[in-house]
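Q: Provided below: upload_36.pdb, containing PDB, C-alpha atoms.
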```pdb
MODEL        1
ATOM      1  CA  MET W   6     -13.216  20.567 -11.661
ATOM      2  CA  PRO W   7     -11.521  17.259 -10.697
ATOM      3  CA  ALA W   8      -9.067  17.371  -7.799
ATOM      4  CA  PRO W   9      -5.334  17.046  -8.588
ATOM      5  CA  LYS W  10      -4.242  13.452  -8.988
ATOM      6  CA  SER W  11      -2.055  13.358  -5.853
ATOM      7  CA  GLU W  12      -4.861  14.791  -3.692
ATOM      8  CA  ARG W  13      -7.411  12.425  -5.257
ATOM      9  CA  LEU W  14      -5.257   9.359  -4.567
ATOM     10  CA  LEU W  15      -4.621  10.426  -0.984
ATOM     11  CA  ASN W  16      -8.339  11.017  -0.387
ATOM     12  CA  LEU W  17      -9.198   7.615  -1.861
ATOM     13  CA  LEU W  18      -6.518   5.927   0.243
ATOM     14  CA  ILE W  19      -7.838   7.533   3.430
ATOM     15  CA  MET W  20     -11.480   6.789   2.572
ATOM     16  CA  LEU W  21     -10.852   3.084   1.952
ATOM     17  CA  LEU W  22      -8.471   2.756   4.902
ATOM     18  CA  VAL W  23     -10.875   4.097   7.549
ATOM     19  CA  GLN W  24     -13.854   1.982   6.486
ATOM     20  CA  ARG W  25     -15.037  -0.661   8.927
ATOM     21  CA  ARG W  26     -17.117  -2.256   6.125
ATOM     22  CA  PRO W  27     -16.771  -2.195   2.306
ATOM     23  CA  ILE W  28     -18.119   1.000   0.756
ATOM     24  CA  ALA W  29     -20.132   0.983  -2.471
ATOM     25  CA  LYS W  30     -18.696   2.436  -5.663
ATOM     26  CA  GLU W  31     -21.602   4.855  -6.074
ATOM     27  CA  ARG W  32     -21.000   6.180  -2.568
ATOM     28  CA  ILE W  33     -17.321   6.712  -3.402
ATOM     29  CA  ARG W  34     -18.366   8.691  -6.449
ATOM     30  CA  GLU W  35     -20.722  10.901  -4.417
ATOM     31  CA  LEU W  36     -18.041  11.743  -1.860
ATOM     32  CA  LEU W  37     -14.810  11.924  -3.863
ATOM     33  CA  TYR W  38     -15.785  12.353  -7.534
ATOM     34  CA  PRO W  39     -18.959  14.494  -7.336
ATOM     35  CA  ASP W  40     -18.265  16.530 -10.488
ATOM     36  CA  SER W  41     -17.471  13.632 -12.818
ATOM     37  CA  ARG W  42     -19.828  12.067 -15.351
ATOM     38  CA  PRO W  43     -20.572   8.331 -14.868
ATOM     39  CA  GLU W  44     -18.318   7.265 -17.760
ATOM     40  CA  ALA W  45     -15.476   9.533 -16.659
ATOM     41  CA  PHE W  46     -15.825   8.356 -13.061
ATOM     42  CA  GLU W  47     -15.547   4.695 -14.079
ATOM     43  CA  LYS W  48     -12.290   5.319 -15.952
ATOM     44  CA  MET W  49     -10.837   7.594 -13.258
ATOM     45  CA  PHE W  50     -11.763   5.271 -10.406
ATOM     46  CA  GLU W  51     -10.274   2.229 -12.154
ATOM     47  CA  ARG W  52      -7.042   4.138 -12.861
ATOM     48  CA  ASP W  53      -6.821   5.361  -9.256
ATOM     49  CA  LYS W  54      -7.457   1.871  -7.886
ATOM     50  CA  ASP W  55      -4.804   0.384 -10.162
ATOM     51  CA  GLU W  56      -2.335   3.105  -9.149
ATOM     52  CA  LEU W  57      -2.854   2.410  -5.443
ATOM     53  CA  ARG W  58      -2.370  -1.295  -6.057
ATOM     54  CA  SER W  59       0.785  -0.629  -8.065
ATOM     55  CA  LEU W  60       2.120   1.202  -4.990
ATOM     56  CA  GLY W  61       1.514  -1.897  -2.882
ATOM     57  CA  VAL W  62      -1.794  -0.802  -1.329
ATOM     58  CA  PRO W  63      -4.151  -3.818  -0.945
ATOM     59  CA  VAL W  64      -7.553  -2.609  -2.214
ATOM     60  CA  ASP W  65     -10.039  -5.371  -1.339
ATOM     61  CA  VAL W  66     -13.339  -6.045  -3.133
ATOM     62  CA  ALA W  67     -16.054  -7.679  -1.012
ATOM     63  CA  THR W  68     -19.835  -7.895  -0.771
ATOM     64  CA  ILE W  69     -21.392  -5.089   1.244
ATOM     65  CA  ASP W  70     -24.028  -7.356   2.819
ATOM     66  CA  PRO W  71     -22.756 -10.849   3.743
ATOM     67  CA  LEU W  72     -26.243 -12.283   3.124
ATOM     68  CA  PHE W  73     -26.538 -10.898  -0.394
ATOM     69  CA  GLU W  74     -23.925 -10.889  -3.117
ATOM     70  CA  ASP W  75     -25.614  -8.447  -5.490
ATOM     71  CA  GLU W  76     -23.525  -5.401  -4.518
ATOM     72  CA  VAL W  77     -19.817  -5.183  -3.878
ATOM     73  CA  GLY W  78     -17.780  -2.511  -2.120
ATOM     74  CA  TYR W  79     -14.160  -1.534  -1.580
ATOM     75  CA  ARG W  80     -11.951  -1.304   1.487
ATOM     76  CA  ILE W  81      -8.283  -1.329   2.523
ATOM     77  CA  PRO W  82      -7.765  -3.630   5.539
ATOM     78  CA  PRO W  83      -5.479  -1.747   7.966
ATOM     79  CA  GLU W  84      -3.887  -4.987   9.111
ATOM     80  CA  ALA W  85      -2.869  -5.780   5.515
ATOM     81  CA  PHE W  86      -1.649  -2.253   4.813
ATOM     82  CA  ALA W  87       0.469  -1.873   7.958
ATOM     83  CA  LEU W  88       4.108  -2.925   7.818
ATOM     84  CA  PRO W  89       5.254  -5.940   9.834
ATOM     85  CA  ASP W  90       7.814  -5.469  12.594
ATOM     86  CA  VAL W  91      11.088  -4.359  11.052
ATOM     87  CA  GLU W  92      14.509  -4.668  12.632
ATOM     88  CA  LEU W  93      16.928  -1.914  11.628
ATOM     89  CA  THR W  94      20.530  -1.178  12.393
ATOM     90  CA  ALA W  95      21.239   2.039  14.293
ATOM     91  CA  GLU W  96      22.295   3.789  11.089
ATOM     92  CA  GLU W  97      19.213   2.617   9.177
ATOM     93  CA  ALA W  98      16.980   3.752  12.039
ATOM     94  CA  ALA W  99      18.475   7.234  11.870
ATOM     95  CA  VAL W 100      17.796   7.474   8.130
ATOM     96  CA  VAL W 101      14.205   6.227   8.495
ATOM     97  CA  GLY W 102      13.621   8.648  11.344
ATOM     98  CA  LEU W 103      14.734  11.604   9.252
ATOM     99  CA  ALA W 104      12.646  10.490   6.287
ATOM    100  CA  SER W 105       9.493  10.003   8.353
ATOM    101  CA  ARG W 106       9.740  13.578   9.659
ATOM    102  CA  VAL W 107       8.914  14.946   6.220
ATOM    103  CA  TRP W 108       5.343  13.629   6.574
ATOM    104  CA  GLN W 109       4.332  16.463   8.831
ATOM    105  CA  HIS W 110       3.960  18.967   6.067
ATOM    106  CA  ALA W 111       0.799  21.069   6.146
ATOM    107  CA  THR W 112      -0.257  19.667   2.761
ATOM    108  CA  MET W 113      -0.571  16.142   4.139
ATOM    109  CA  ALA W 114      -2.138  17.211   7.419
ATOM    110  CA  GLN W 115      -4.728  19.376   5.641
ATOM    111  CA  ALA W 116      -5.574  16.712   3.061
ATOM    112  CA  THR W 117      -6.062  14.112   5.781
ATOM    113  CA  SER W 118      -8.248  16.432   7.883
ATOM    114  CA  ASP W 119     -10.369  17.387   4.867
ATOM    115  CA  ALA W 120     -10.931  13.762   3.866
ATOM    116  CA  VAL W 121     -11.927  12.635   7.361
ATOM    117  CA  ARG W 122     -14.220  15.643   7.800
ATOM    118  CA  LYS W 123     -16.035  14.887   4.539
ATOM    119  CA  LEU W 124     -16.517  11.261   5.516
ATOM    120  CA  SER W 125     -17.798  12.103   9.000
ATOM    121  CA  ALA W 126     -20.166  14.756   7.645
ATOM    122  CA  ALA W 127     -21.574  12.201   5.209
ATOM    123  CA  GLY W 128     -22.370   9.821   8.069
ATOM    124  CA  ILE W 129     -19.598   7.338   7.250
ATOM    125  CA  ASP W 130     -18.398   5.282  10.216
ATOM    126  CA  VAL W 131     -14.646   5.872  10.124
ATOM    127  CA  ASP W 132     -11.896   4.084  12.004
ATOM    128  CA  LEU W 133      -9.464   6.868  12.889
ATOM    129  CA  ASP W 134      -7.053   4.414  14.530
ATOM    130  CA  ALA W 135      -6.209   3.157  11.040
ATOM    131  CA  LEU W 136      -4.500   6.478  10.332
ATOM    132  CA  ASP W 137      -1.927   5.807  13.063
ATOM    133  CA  ILE W 138      -0.040   3.627  10.566
ATOM    134  CA  ALA W 139       1.927   6.691   9.462
ATOM    135  CA  GLN W 140       2.344   9.714  11.679
ATOM    136  CA  PRO W 141       3.848  12.985  10.377
ATOM    137  CA  LEU W 142       6.594  14.731  12.319
ATOM    138  CA  LEU W 143       8.225  17.645  10.456
ATOM    139  CA  THR W 144       6.954  20.864   8.871
ATOM    140  CA  ALA W 145       8.183  22.965   5.964
ATOM    141  CA  GLU W 146       7.460  26.644   6.482
ATOM    142  CA  GLU W 147       8.374  27.943   3.014
ATOM    143  CA  PRO W 148       5.157  28.930   1.139
ATOM    144  CA  GLY W 149       6.429  27.444  -2.124
ATOM    145  CA  PHE W 150       7.017  23.970  -0.672
ATOM    146  CA  GLU W 151       3.536  22.640  -1.408
ATOM    147  CA  THR W 152       3.453  23.689  -5.068
ATOM    148  CA  CYS W 153       7.006  22.442  -5.692
ATOM    149  CA  TRP W 154       6.318  19.100  -4.023
ATOM    150  CA  LEU W 155       3.127  18.528  -6.018
ATOM    151  CA  ALA W 156       4.874  19.597  -9.230
ATOM    152  CA  VAL W 157       7.605  17.008  -8.593
ATOM    153  CA  CYS W 158       4.977  14.304  -8.046
ATOM    154  CA  GLU W 159       3.055  15.209 -11.205
ATOM    155  CA  ARG W 160       6.039  16.217 -13.397
ATOM    156  CA  THR W 161       4.676  19.725 -13.986
ATOM    157  CA  GLU W 162       6.902  22.681 -14.918
ATOM    158  CA  ILE W 163       6.994  25.622 -12.515
ATOM    159  CA  ALA W 164       7.890  29.322 -12.647
ATOM    160  CA  PHE W 165       8.795  31.674  -9.810
ATOM    161  CA  ASP W 166      10.610  34.907  -9.009
ATOM    162  CA  TYR W 167      13.952  34.200  -7.365
ATOM    163  CA  GLN W 168      16.133  36.606  -5.384
ATOM    164  CA  ARG W 169      19.800  35.744  -5.718
ATOM    165  CA  PRO W 170      22.219  37.042  -3.055
ATOM    166  CA  GLY W 171      23.657  40.399  -4.160
ATOM    167  CA  ALA W 172      21.131  40.892  -6.985
ATOM    168  CA  ASP W 173      19.204  44.168  -7.149
ATOM    169  CA  ALA W 174      15.892  42.512  -8.019
ATOM    170  CA  PRO W 175      14.445  38.996  -8.379
ATOM    171  CA  SER W 176      14.451  37.258 -11.743
ATOM    172  CA  THR W 177      11.868  34.858 -13.140
ATOM    173  CA  ARG W 178      13.015  31.249 -13.394
ATOM    174  CA  ARG W 179      11.330  28.431 -15.323
ATOM    175  CA  VAL W 180      12.156  24.972 -13.990
ATOM    176  CA  GLN W 181      11.342  21.309 -14.505
ATOM    177  CA  PRO W 182      11.525  20.175 -10.838
ATOM    178  CA  TRP W 183      13.186  16.827 -10.158
ATOM    179  CA  GLY W 184      12.937  16.792  -6.366
ATOM    180  CA  VAL W 185      12.629  18.760  -3.130
ATOM    181  CA  VAL W 186      15.357  18.096  -0.557
ATOM    182  CA  ARG W 187      16.458  19.408   2.810
ATOM    183  CA  SER W 188      20.123  20.247   3.194
ATOM    184  CA  THR W 189      21.989  22.132   5.941
ATOM    185  CA  GLY W 190      18.691  23.065   7.584
ATOM    186  CA  ARG W 191      17.100  24.539   4.437
ATOM    187  CA  TRP W 192      14.681  23.309   1.756
ATOM    188  CA  TYR W 193      15.786  23.315  -1.897
ATOM    189  CA  VAL W 194      14.069  22.473  -5.170
ATOM    190  CA  VAL W 195      16.366  20.683  -7.614
ATOM    191  CA  GLY W 196      15.624  20.580 -11.327
ATOM    192  CA  PHE W 197      16.365  21.611 -14.888
ATOM    193  CA  ASP W 198      16.486  25.369 -15.536
ATOM    194  CA  LEU W 199      14.767  25.852 -18.907
ATOM    195  CA  ASP W 200      16.330  29.262 -19.584
ATOM    196  CA  ARG W 201      19.884  28.236 -18.734
ATOM    197  CA  GLN W 202      19.479  24.675 -20.071
ATOM    198  CA  ALA W 203      21.259  23.179 -17.084
ATOM    199  CA  GLU W 204      20.531  21.547 -13.737
ATOM    200  CA  ARG W 205      20.112  24.045 -10.926
ATOM    201  CA  VAL W 206      19.307  24.241  -7.209
ATOM    202  CA  PHE W 207      17.032  26.929  -5.720
ATOM    203  CA  ARG W 208      16.616  27.700  -2.032
ATOM    204  CA  LEU W 209      12.895  27.947  -1.317
ATOM    205  CA  SER W 210      13.323  30.737   1.239
ATOM    206  CA  ARG W 211      14.625  32.965  -1.600
ATOM    207  CA  VAL W 212      11.522  32.511  -3.752
ATOM    208  CA  GLN W 213       9.567  35.772  -3.965
ATOM    209  CA  GLY W 214       5.781  35.477  -4.160
ATOM    210  CA  GLU W 215       3.993  32.337  -5.330
ATOM    211  CA  VAL W 216       5.366  29.362  -7.228
ATOM    212  CA  ARG W 217       3.266  28.931 -10.381
ATOM    213  CA  THR W 218       2.656  25.703 -12.298
ATOM    214  CA  VAL W 219       2.996  25.935 -16.073
ATOM    215  CA  GLY W 220       1.386  23.553 -18.559
ATOM    216  CA  LEU W 221       0.073  20.058 -17.966
ATOM    217  CA  PRO W 222       1.276  17.187 -15.746
ATOM    218  CA  GLY W 223       3.622  14.643 -17.285
ATOM    219  CA  ALA W 224       5.402  17.300 -19.343
ATOM    220  CA  TYR W 225       8.899  15.863 -18.824
ATOM    221  CA  ASP W 226      10.872  12.911 -17.470
ATOM    222  CA  VAL W 227      13.533  12.997 -14.792
ATOM    223  CA  PRO W 228      16.868  11.712 -16.164
ATOM    224  CA  PRO W 229      17.576   8.156 -15.009
ATOM    225  CA  ASP W 230      19.852   7.686 -11.990
ATOM    226  CA  THR W 231      19.312  11.301 -10.893
ATOM    227  CA  ASP W 232      20.412  11.849  -7.285
ATOM    228  CA  VAL W 233      18.783  15.128  -6.251
ATOM    229  CA  ARG W 234      20.481  15.107  -2.840
ATOM    230  CA  GLU W 235      23.921  14.799  -4.422
ATOM    231  CA  ILE W 236      23.057  17.617  -6.846
ATOM    232  CA  ALA W 237      21.963  19.812  -3.930
ATOM    233  CA  ARG W 238      25.236  19.124  -2.095
ATOM    234  CA  ARG W 239      27.230  19.898  -5.223
ATOM    235  CA  LEU W 240      25.437  23.046  -6.383
ATOM    236  CA  ALA W 241      24.041  24.643  -3.212
ATOM    237  CA  PRO W 242      26.246  27.422  -1.793
ATOM    238  CA  PRO W 243      28.293  26.203   1.179
ATOM    239  CA  SER W 244      27.008  27.238   4.596
ATOM    240  CA  ALA W 245      29.151  28.518   7.430
ATOM    241  CA  THR W 246      30.054  25.646   9.731
ATOM    242  CA  GLU W 247      30.443  25.419  13.503
ATOM    243  CA  HIS W 248      32.350  23.094  15.785
ATOM    244  CA  ALA W 249      29.655  21.338  17.834
ATOM    245  CA  VAL W 250      30.138  19.333  21.016
ATOM    246  CA  LEU W 251      27.337  17.178  22.421
ATOM    247  CA  LEU W 252      26.748  14.699  25.214
ATOM    248  CA  VAL W 253      24.761  11.747  23.889
ATOM    249  CA  ARG W 254      23.258   8.809  25.749
ATOM    250  CA  ALA W 255      24.408   5.344  24.702
ATOM    251  CA  GLY W 256      22.222   4.020  21.885
ATOM    252  CA  ALA W 257      20.917   7.477  20.878
ATOM    253  CA  GLY W 258      21.895  10.329  18.562
ATOM    254  CA  HIS W 259      22.829   8.104  15.625
ATOM    255  CA  GLY W 260      22.565  10.977  13.125
ATOM    256  CA  PHE W 261      25.162  12.947  15.075
ATOM    257  CA  ARG W 262      27.383   9.907  15.477
ATOM    258  CA  ARG W 263      27.454   9.182  11.737
ATOM    259  CA  SER W 264      28.993  12.581  10.941
ATOM    260  CA  ALA W 265      31.159  12.831  14.066
ATOM    261  CA  ALA W 266      34.824  13.709  13.825
ATOM    262  CA  ARG W 267      35.444  12.278  17.291
ATOM    263  CA  VAL W 268      33.471  10.181  19.802
ATOM    264  CA  GLU W 269      34.668   9.714  23.384
ATOM    265  CA  THR W 270      32.752   7.107  25.372
ATOM    266  CA  GLY W 271      32.112   6.866  29.094
ATOM    267  CA  VAL W 272      32.338  10.540  30.032
ATOM    268  CA  PRO W 273      30.386  11.967  33.013
ATOM    269  CA  GLY W 274      26.833  12.987  32.135
ATOM    270  CA  PRO W 275      24.796  16.007  33.261
ATOM    271  CA  ASP W 276      23.614  14.144  36.381
ATOM    272  CA  GLU W 277      27.161  12.865  37.131
ATOM    273  CA  ARG W 278      25.721   9.440  37.978
ATOM    274  CA  THR W 279      25.600   7.969  34.468
ATOM    275  CA  ARG W 280      28.142   7.777  31.693
ATOM    276  CA  TRP W 281      27.488   9.390  28.325
ATOM    277  CA  ASP W 282      29.355   9.729  25.021
ATOM    278  CA  ARG W 283      30.988  13.009  24.018
ATOM    279  CA  VAL W 284      30.430  13.619  20.291
ATOM    280  CA  GLU W 285      32.313  16.299  18.344
ATOM    281  CA  LEU W 286      31.483  17.260  14.770
ATOM    282  CA  VAL W 287      31.726  20.137  12.301
ATOM    283  CA  ARG W 288      28.421  21.119  10.699
ATOM    284  CA  PRO W 289      26.246  24.142   9.815
ATOM    285  CA  ALA W 290      24.665  25.786  12.843
ATOM    286  CA  ILE W 291      21.373  26.157  10.939
ATOM    287  CA  GLY W 292      18.918  23.526  12.141
ATOM    288  CA  LEU W 293      21.212  22.276  14.921
ATOM    289  CA  ALA W 294      18.918  23.502  17.717
ATOM    290  CA  ASP W 295      15.935  21.729  16.112
ATOM    291  CA  GLU W 296      17.833  18.442  15.837
ATOM    292  CA  VAL W 297      19.044  18.611  19.446
ATOM    293  CA  LEU W 298      15.538  19.343  20.751
ATOM    294  CA  ALA W 299      14.099  16.494  18.658
ATOM    295  CA  HIS W 300      16.229  14.023  20.668
ATOM    296  CA  GLY W 301      14.679  15.158  23.966
ATOM    297  CA  PRO W 302      16.673  14.169  27.068
ATOM    298  CA  ASP W 303      19.056  11.926  25.131
ATOM    299  CA  VAL W 304      21.239  14.732  23.725
ATOM    300  CA  VAL W 305      22.747  17.749  25.509
ATOM    301  CA  LEU W 306      24.433  20.481  23.454
ATOM    302  CA  LEU W 307      27.574  21.985  24.993
ATOM    303  CA  GLU W 308      28.920  24.039  22.071
ATOM    304  CA  PRO W 309      28.495  26.358  20.234
ATOM    305  CA  LEU W 310      27.253  28.541  23.076
ATOM    306  CA  ALA W 311      24.990  30.688  20.854
ATOM    307  CA  VAL W 312      23.032  27.614  19.695
ATOM    308  CA  ARG W 313      23.011  26.211  23.234
ATOM    309  CA  GLU W 314      21.340  29.433  24.395
ATOM    310  CA  GLN W 315      18.691  28.973  21.681
ATOM    311  CA  VAL W 316      17.975  25.455  22.955
ATOM    312  CA  VAL W 317      17.762  26.595  26.583
ATOM    313  CA  GLU W 318      15.479  29.534  25.716
ATOM    314  CA  ARG W 319      13.081  27.322  23.756
ATOM    315  CA  LEU W 320      12.933  24.849  26.633
ATOM    316  CA  ARG W 321      12.172  27.726  29.015
ATOM    317  CA  GLN W 322       9.303  28.791  26.741
ATOM    318  CA  VAL W 323       7.902  25.252  26.810
ATOM    319  CA  VAL W 324       8.038  25.174  30.616
ATOM    320  CA  ALA W 325       6.403  28.613  30.832
TER
ENDMDL
END
```
Using the file provided, produce a representation of the structure as structure tokens.

A:
Amino acid sequence: MPAPKSERLLNLLIMLLVQRRPIAKERIRELLYPDSRPEAFEKMFERDKDELRSLGVPVDVATIDPLFEDEVGYRIPPEAFALPDVELTAEEAAVVGLASRVWQHATMAQATSDAVRKLSAAGIDVDLDALDIAQPLLTAEEPGFETCWLAVCERTEIAFDYQRPGADAPSTRRVQPWGVVRSTGRWYVVGFDLDRQAERVFRLSRVQGEVRTVGLPGAYDVPPDTDVREIARRLAPPSATEHAVLLVRAGAGHGFRRSAARVETGVPGPDERTRWDRVELVRPAIGLADEVLAHGPDVVLLEPLAVREQVVERLRQVVA
């Protein structure tokens, strides 16, 4: 059975990216398309190549042996695929940093490991340094994340049992997912509820059991100009907020600064020798400890005390 399209494209991207020399088409078929007939492989491989190129991935065609031109192979030059140096404003850097953290989902890590293991087992000389172009940084623990994310990519309808607050038992929901977003420290799937015929937001931690795909990919289109993050903010239940106070080094903590109600510069720091900025903001306590710890020594949380104790305890565990 052929692998899902998203997994197949990722495997092909990794295979071509880690090659030190062009790899023959027949070898690609043996490793990535072993169950396909020759005619089906030709069509699938051409479509996958074209899709990678449409995403801006430079798939090169070159002779395998420089002395003979009778056989060509394929490769993605890492130097052509990598981004040039980019200069960002502080606010842009904060947004890019948050976005890049989504790459550390288990789906991506597992797919990458599987692809590299297959190549190494087949005796392919791989350049693992090429994979440093994008490094994942954040995980999603909800079991339904993977299925929802793939369903969004492939436009496949999903069904799941959902436990609403105050309800006696979960109810089955059928959804056309438009996107998966993180808001107030939680993951949500945003989409069109087929039973209620309206857009809805579902918190993934309230999904009971497995998320099931229904039907074939490409079953629907997302309405143009859909902003799934705005929909999540509008429809997701409000979370309890806390007044947070932080000490932030100059030039750091841009995400906190953007939503700050008050910033006082030049206040004494924890070591009393350097000056820091005191940042005050109102935000949900959920996820605050994670964000503070992600900034390392550049951010110190003063309030709320309950979250500060969480940060201190986790640091103690690291030291131990």

Q: Residues within 10 Å of Pro273 in chain W, please, as a VMD selection string. Count only C-alpha atoms; anything in the same chain fewer than 6 positions from it doesn't count.

A: chain W and resid 252 279 to 283

Q: Quick check, in Å to one decimal: how far apart do CA of Val23 in chain W and CA of Val77 in chain W lie?

A: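 One can read the CA of Val23 in chain W to CA of Val77 in chain W distance as 17.2 Å.
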
Q: With distances taken over only C-alpha atoms, which residue among W:Pro229, W:Pro39, W:Pro182, W:Gly220 lies nearest Leu199 in chain W?

A: W:Pro182

Q: Excluding Thr231 in chain W and its own-chain neighbours fewer than 3 positions away, which residues fall within 12 Å of it when counting all atoms listed in the file? Please give them as a PyMOL selection string.

A: chain W and resi 182-184+195-197+204+226-228+234-237

Q: Can you tell me how far CA of Phe50 in chain W sits from CA of Tyr38 in chain W, in Å to one decimal?

A: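 Calculated distance between CA of Phe50 in chain W and CA of Tyr38 in chain W is 8.6 Å.
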